[in-house]
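Colleague: Before I ask anything, here is the structure I am working with.
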Amino acid sequence: MFGALEGNIFKFFPLQNDPNHKWFASSEVSHAGFKGTDSLYVAKIIPLYAQSVVNAMQTNDYTKANEFLNSIHKYQRKFGSNVVPTERKVELEVFYNKYDIFKKLFLYYMLASLLLFIVVIINIFKTNKTVQSLIKIASGIIVALFIYHSIGLGIRWYISGHAPWSNGYESMIYISWATMLFGLFFGRKSALTLAATTFVTSMLLMVAHWNWMDPSIGNLVPVLDSYWLMVHVAIIVASYGPFTISMILGMIALILYALTTKNNKKKLKLAINEVTTISEMSLTIGLVLLVIGNFLGGIWANESWGRYWGWDPKETWALISIMVYSFVLHMRLIPGLKSKYTFNMVTVFAFSTILMTYLGVNHLLSGLHSYAKGESAAVPNQIWGWLLISLILSILAYFKYKKYYKK
């Protein structure tokens with residue numbers, strides 16, 4: 001409060017030709033290094049503006065006050081152009097904040113996914129032209145939302161001046177974008193996959209706006225101020241999208257197993273085969289991206305820390321994820337584990353390694369990639385709930401699988 005009253009916290013004035021681009025408050029003019037007319041201007045302009053506002057409150061004429069504001073604005077542009085954002089960037093940031101793109105996208109994606117889910121379920125049991133038209137309409141809406149999502153990422157990138165996957169919030173909105181991108185790719189001929197992907201994208205955006213995520217745009221920490229942010233982080237975080245798709249498709253397959261009866265077995269079997277095939281394709285792409293991202297991370301680590309590999313918790317858990325998903329992809333070579341039920345069930349629980357790599361390491365463990373400083377945070381109840389639901393689903397699905405599918 002004292003600093004505000006004295007004016008010390010209002011650093012409105014850039015110092016001409018300062019190599020560090022420092023800005024100062026008018027009260028600091030005596031020791032800041034301002035010279036000549038600049039020194040006089042910085043010292044007097046704020047008191048003059050304050051007096052003009054007082055006068056304007058009595059006369060309701062803010063012309064003089066606005067002139068002083070414009071004068072300050074021109075001074076900032078003249079000597080602080082290296083750090084002052086352009087008018088276009090300011091307009092875009094106002095637009096970005098006003099429409100809160102990603103927070104609203106959560107609801108839009110959710111409604112679109114529910115619409116498509118309803119139509120797809122109807123289509124499984126009864127196909128006609130009306131249903132097919134509704135599937136196309138819902139799919140078109142989802143594509144439009146994805147384009148809007150992409151525009152939002154582009155705006156944030158332009159405003160911040162760096163790739164929008166540098167912190168927890170940005171990585172969440174980027175993972176949701178990557179999930180939706182791969183969902184559109186794999187869902188070209190599978191409306192069920194598209195509906196599931198859109199639903200999980202909405203969930204990711206919802207989590208991104210919980211109170212422990214900070215959506216503000218800030219400066220990069222020094223270690224991230226590198227072109228490797230564009231390469232390593234983009235690839236390795238994008239791999240979480242296909243893994244997420246594989247997980248949600250695995251859950252859908254388990255639900256379909258659990259809902260199987262003698263009458264609907266033929267139709268549900270087709271749907272199970274469809275999502276299982278797409279899940280395997282998605283998982284393969286995710287694993288390739290994760291391996292490539294891990295190798296690129298080693299190169300970046302050598303540049304930043306002088307070693308390729310140091311058994312940091314993030315590095316270790318990325319390796320664990322690679323090993324787990326490599327096993328999942330090769331289970332079909334083991335006679336006792338080659339069933340579609342086993343594959344889908346394992347893809348659901350294997351996703352816990354991705355959660356640990358992405359969230360657990362950041363908030364539970366201490367390391368070069370972590371936010372935790374020796375104090376472990378509690379595991380969110382939502383994750384325990386997901387594990388419990390997945391376990392119950394797996395048990396229910398197994399009984400139906402054993403009854404109707406196991407030979």
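If you're wondering about the labels, chains in the structure tokens are A, B, ... by order shown, residues count from 1 in each chain, ligands from 1 in order shown.
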So that I can check the surroundings of range 68-74 of chain A, please list as a list of chain:residue names every protein, DNA and RNA residue that reaches within 10 Å of it, counting only C-alpha atoms and ignoring chain neighbours fewer than 2 positions away.
Modeller: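 Final neighbour list, sorted by chain and number: A:Phe12, A:Phe13, A:Tyr41, A:Val42, A:Ile45, A:Ile46, A:Leu48, A:Tyr49, A:Ala50, A:Ser52, A:Val53, A:Thr63, A:Lys64, A:Ala65, A:Asn66, A:Gln76, A:Arg77, A:Lys78, A:Phe79, A:Gly80.
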Colleague: Would you mind exporting the chosen residues as an mmCIF file, in the first residue's frame, restricted to C-alpha atoms?
Modeller:
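Contents of the output file result.cif:
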```cif
data_model
loop_
_atom_site.group_PDB
_atom_site.id
_atom_site.type_symbol
_atom_site.label_atom_id
_atom_site.label_comp_id
_atom_site.auth_asym_id
_atom_site.auth_seq_id
_atom_site.Cartn_x
_atom_site.Cartn_y
_atom_site.Cartn_z
ATOM 1 C CA PHE A 12 5.564 3.450 -16.345
ATOM 2 C CA PHE A 13 8.707 4.971 -17.850
ATOM 3 C CA TYR A 41 9.109 14.884 -17.922
ATOM 4 C CA VAL A 42 9.177 11.676 -15.858
ATOM 5 C CA ILE A 45 3.897 14.040 -15.761
ATOM 6 C CA ILE A 46 2.203 11.863 -13.115
ATOM 7 C CA LEU A 48 0.103 16.769 -13.674
ATOM 8 C CA TYR A 49 -2.071 13.849 -14.770
ATOM 9 C CA ALA A 50 -3.376 13.324 -11.225
ATOM 10 C CA SER A 52 -6.053 16.931 -14.323
ATOM 11 C CA VAL A 53 -8.164 13.944 -13.191
ATOM 12 C CA THR A 63 -9.779 16.145 -22.418
ATOM 13 C CA LYS A 64 -6.664 17.322 -20.583
ATOM 14 C CA ALA A 65 -6.347 14.067 -18.636
ATOM 15 C CA ASN A 66 -6.529 12.080 -21.870
ATOM 16 C CA GLN A 76 6.524 4.418 -23.722
ATOM 17 C CA ARG A 77 6.317 3.625 -27.433
ATOM 18 C CA LYS A 78 9.295 5.827 -28.224
ATOM 19 C CA PHE A 79 11.770 4.505 -25.674
ATOM 20 C CA GLY A 80 10.293 1.109 -24.713
#
```
Colleague: Which residues are near Leu114 in chain A? Cut-off 10 Å, only C-alpha atoms, ignore same chain within fewer than 2 positions. Put them as a PyMOL selection string.
Modeller: chain A and resi 109-112+116-120+138+195-196+198-199
Colleague: Residues as selected, C-alpha atoms, written as a compact mmCIF listing (two decimals), in the first residue's frame, can you do that?
Modeller:
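The result, stored in result24.txt:
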```
# COMPACT_ATOMS: atom_id res chain seq x y z
CA TYR A 109 -17.03 -29.94 -27.05
CA MET A 110 -19.10 -31.62 -24.34
CA LEU A 111 -22.44 -30.85 -26.02
CA ALA A 112 -21.12 -31.90 -29.44
CA LEU A 116 -22.71 -37.54 -31.52
CA PHE A 117 -22.76 -40.27 -28.86
CA ILE A 118 -26.56 -40.36 -28.88
CA VAL A 119 -26.72 -40.52 -32.67
CA VAL A 120 -23.97 -43.19 -32.86
CA ALA A 138 -22.36 -33.40 -35.46
CA ALA A 195 -17.44 -38.94 -30.19
CA ALA A 196 -15.17 -40.51 -27.57
CA THR A 198 -14.40 -35.14 -28.37
CA PHE A 199 -15.66 -36.13 -24.92
```
Colleague: CA of Leu5 in chain A and CA of Gly33 in chain A, how far apart in Å?
Modeller: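 Distance between the two atoms: 22.7 Å.
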Colleague: One decimal, in Å: what's the spacing between CA of Thr244 in chain A and CA of Phe399 in chain A?
Modeller: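 Result for CA of Thr244 in chain A versus CA of Phe399 in chain A: 25.6 Å, one decimal.
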Colleague: Within 7 Å of range 260-279 of chain A, which residues of range 150-256 of chain A come that close, and what is the closest atom pair and distance in Å for each? Count only C-alpha atoms and give it as JSON lines.
Modeller:
```
{"residue": "A:Phe186", "atom": "CA", "partner": "A:Ile278", "partner_atom": "CA", "distance": 6.6}
{"residue": "A:Thr193", "atom": "CA", "partner": "A:Val275", "partner_atom": "CA", "distance": 6.7}
{"residue": "A:Ile245", "atom": "CA", "partner": "A:Ser279", "partner_atom": "CA", "distance": 7.0}
{"residue": "A:Ser246", "atom": "CA", "partner": "A:Ser279", "partner_atom": "CA", "distance": 4.5}
{"residue": "A:Leu249", "atom": "CA", "partner": "A:Val275", "partner_atom": "CA", "distance": 5.9}
{"residue": "A:Ala253", "atom": "CA", "partner": "A:Ile272", "partner_atom": "CA", "distance": 5.4}
{"residue": "A:Leu256", "atom": "CA", "partner": "A:Thr260", "partner_atom": "CA", "distance": 6.2}
```
Colleague: May I have all residues of range 75-164 of chain A that DSSP, computed from the backbone, assigns to helix (DSSP H, G or I), given as number ranges by chain?
Modeller: A: 75-79, 87-99, 101-125, 129-160
Colleague: Using C-alpha atoms, can you export the residues from the last selection as a PDB file, in the first residue's frame?
Modeller:
```
ATOM      1  CA  TYR A  75       6.801   8.146 -24.431  1.00  0.00           C
ATOM      2  CA  GLN A  76       6.524   4.418 -23.722  1.00  0.00           C
ATOM      3  CA  ARG A  77       6.317   3.625 -27.433  1.00  0.00           C
ATOM      4  CA  LYS A  78       9.295   5.827 -28.224  1.00  0.00           C
ATOM      5  CA  PHE A  79      11.770   4.505 -25.674  1.00  0.00           C
ATOM      6  CA  GLU A  87      -1.421  -2.434 -30.929  1.00  0.00           C
ATOM      7  CA  ARG A  88      -2.416  -5.564 -32.840  1.00  0.00           C
ATOM      8  CA  LYS A  89      -1.114  -7.789 -30.066  1.00  0.00           C
ATOM      9  CA  VAL A  90      -2.968  -5.759 -27.434  1.00  0.00           C
ATOM     10  CA  GLU A  91      -6.215  -6.020 -29.419  1.00  0.00           C
ATOM     11  CA  LEU A  92      -5.785  -9.779 -29.750  1.00  0.00           C
ATOM     12  CA  GLU A  93      -5.078 -10.181 -26.033  1.00  0.00           C
ATOM     13  CA  VAL A  94      -8.231  -8.194 -25.206  1.00  0.00           C
ATOM     14  CA  PHE A  95     -10.171 -10.448 -27.602  1.00  0.00           C
ATOM     15  CA  TYR A  96      -8.578 -13.570 -26.088  1.00  0.00           C
ATOM     16  CA  ASN A  97      -9.461 -12.550 -22.526  1.00  0.00           C
ATOM     17  CA  LYS A  98     -12.940 -11.336 -23.418  1.00  0.00           C
ATOM     18  CA  TYR A  99     -14.094 -14.509 -25.131  1.00  0.00           C
ATOM     19  CA  ILE A 101     -11.769 -19.322 -25.812  1.00  0.00           C
ATOM     20  CA  PHE A 102     -10.618 -22.510 -24.088  1.00  0.00           C
ATOM     21  CA  LYS A 103     -12.930 -22.298 -21.083  1.00  0.00           C
ATOM     22  CA  LYS A 104     -15.983 -22.018 -23.336  1.00  0.00           C
ATOM     23  CA  LEU A 105     -14.705 -24.750 -25.657  1.00  0.00           C
ATOM     24  CA  PHE A 106     -15.090 -27.257 -22.825  1.00  0.00           C
ATOM     25  CA  LEU A 107     -18.879 -26.843 -22.881  1.00  0.00           C
ATOM     26  CA  TYR A 108     -19.102 -26.764 -26.676  1.00  0.00           C
ATOM     27  CA  TYR A 109     -17.034 -29.945 -27.054  1.00  0.00           C
ATOM     28  CA  MET A 110     -19.101 -31.619 -24.337  1.00  0.00           C
ATOM     29  CA  LEU A 111     -22.435 -30.847 -26.021  1.00  0.00           C
ATOM     30  CA  ALA A 112     -21.122 -31.896 -29.442  1.00  0.00           C
ATOM     31  CA  SER A 113     -19.792 -35.199 -28.065  1.00  0.00           C
ATOM     32  CA  LEU A 114     -23.073 -35.992 -26.303  1.00  0.00           C
ATOM     33  CA  LEU A 115     -25.004 -35.288 -29.509  1.00  0.00           C
ATOM     34  CA  LEU A 116     -22.707 -37.535 -31.522  1.00  0.00           C
ATOM     35  CA  PHE A 117     -22.758 -40.274 -28.863  1.00  0.00           C
ATOM     36  CA  ILE A 118     -26.562 -40.365 -28.883  1.00  0.00           C
ATOM     37  CA  VAL A 119     -26.716 -40.523 -32.672  1.00  0.00           C
ATOM     38  CA  VAL A 120     -23.970 -43.195 -32.857  1.00  0.00           C
ATOM     39  CA  ILE A 121     -25.741 -45.406 -30.303  1.00  0.00           C
ATOM     40  CA  ILE A 122     -28.938 -45.112 -32.329  1.00  0.00           C
ATOM     41  CA  ASN A 123     -26.950 -45.921 -35.463  1.00  0.00           C
ATOM     42  CA  ILE A 124     -25.597 -49.158 -33.922  1.00  0.00           C
ATOM     43  CA  PHE A 125     -29.116 -50.559 -33.608  1.00  0.00           C
ATOM     44  CA  LYS A 129     -30.575 -41.564 -43.794  1.00  0.00           C
ATOM     45  CA  THR A 130     -31.677 -39.246 -40.995  1.00  0.00           C
ATOM     46  CA  VAL A 131     -29.258 -40.794 -38.541  1.00  0.00           C
ATOM     47  CA  GLN A 132     -26.417 -40.636 -41.074  1.00  0.00           C
ATOM     48  CA  SER A 133     -27.172 -36.966 -41.738  1.00  0.00           C
ATOM     49  CA  LEU A 134     -27.112 -36.190 -38.008  1.00  0.00           C
ATOM     50  CA  ILE A 135     -23.733 -37.914 -37.709  1.00  0.00           C
ATOM     51  CA  LYS A 136     -22.358 -35.715 -40.496  1.00  0.00           C
ATOM     52  CA  ILE A 137     -23.792 -32.557 -38.898  1.00  0.00           C
ATOM     53  CA  ALA A 138     -22.364 -33.401 -35.464  1.00  0.00           C
ATOM     54  CA  SER A 139     -18.992 -34.264 -37.025  1.00  0.00           C
ATOM     55  CA  GLY A 140     -18.996 -30.950 -38.894  1.00  0.00           C
ATOM     56  CA  ILE A 141     -19.646 -29.071 -35.646  1.00  0.00           C
ATOM     57  CA  ILE A 142     -16.702 -30.855 -34.014  1.00  0.00           C
ATOM     58  CA  VAL A 143     -14.415 -29.948 -36.931  1.00  0.00           C
ATOM     59  CA  ALA A 144     -15.503 -26.294 -36.606  1.00  0.00           C
ATOM     60  CA  LEU A 145     -14.755 -26.377 -32.861  1.00  0.00           C
ATOM     61  CA  PHE A 146     -11.318 -27.854 -33.549  1.00  0.00           C
ATOM     62  CA  ILE A 147     -10.572 -25.022 -35.993  1.00  0.00           C
ATOM     63  CA  TYR A 148     -11.663 -22.537 -33.296  1.00  0.00           C
ATOM     64  CA  HIS A 149      -9.419 -24.397 -30.824  1.00  0.00           C
ATOM     65  CA  SER A 150      -6.483 -24.107 -33.245  1.00  0.00           C
ATOM     66  CA  ILE A 151      -7.111 -20.384 -33.729  1.00  0.00           C
ATOM     67  CA  GLY A 152      -7.118 -19.940 -29.944  1.00  0.00           C
ATOM     68  CA  LEU A 153      -3.741 -21.683 -29.661  1.00  0.00           C
ATOM     69  CA  GLY A 154      -2.379 -19.527 -32.467  1.00  0.00           C
ATOM     70  CA  ILE A 155      -3.571 -16.340 -30.732  1.00  0.00           C
ATOM     71  CA  ARG A 156      -1.992 -17.386 -27.420  1.00  0.00           C
ATOM     72  CA  TRP A 157       1.246 -18.234 -29.242  1.00  0.00           C
ATOM     73  CA  TYR A 158       1.299 -14.793 -30.890  1.00  0.00           C
ATOM     74  CA  ILE A 159       0.454 -12.948 -27.664  1.00  0.00           C
ATOM     75  CA  SER A 160       2.994 -14.783 -25.485  1.00  0.00           C
TER      76      SER A 160
END
```
Colleague: Output as a Markdown table one row per residue of range 208-280 of chain A within 12 Å of range 312-323 of chain A: the closest atom pair and its distance in Å to one decimal place, counting only C-alpha atoms, sorted by chain and residue number ascending.
Modeller:
```
| residue | atom | partner | partner_atom | distance |
| --- | --- | --- | --- | --- |
| A:Ile236 | CA | A:Ala318 | CA | 9.3 |
| A:Val237 | CA | A:Ala318 | CA | 11.0 |
| A:Ser239 | CA | A:Ile322 | CA | 11.0 |
| A:Tyr240 | CA | A:Ser321 | CA | 10.7 |
| A:Phe243 | CA | A:Ser321 | CA | 10.4 |
```
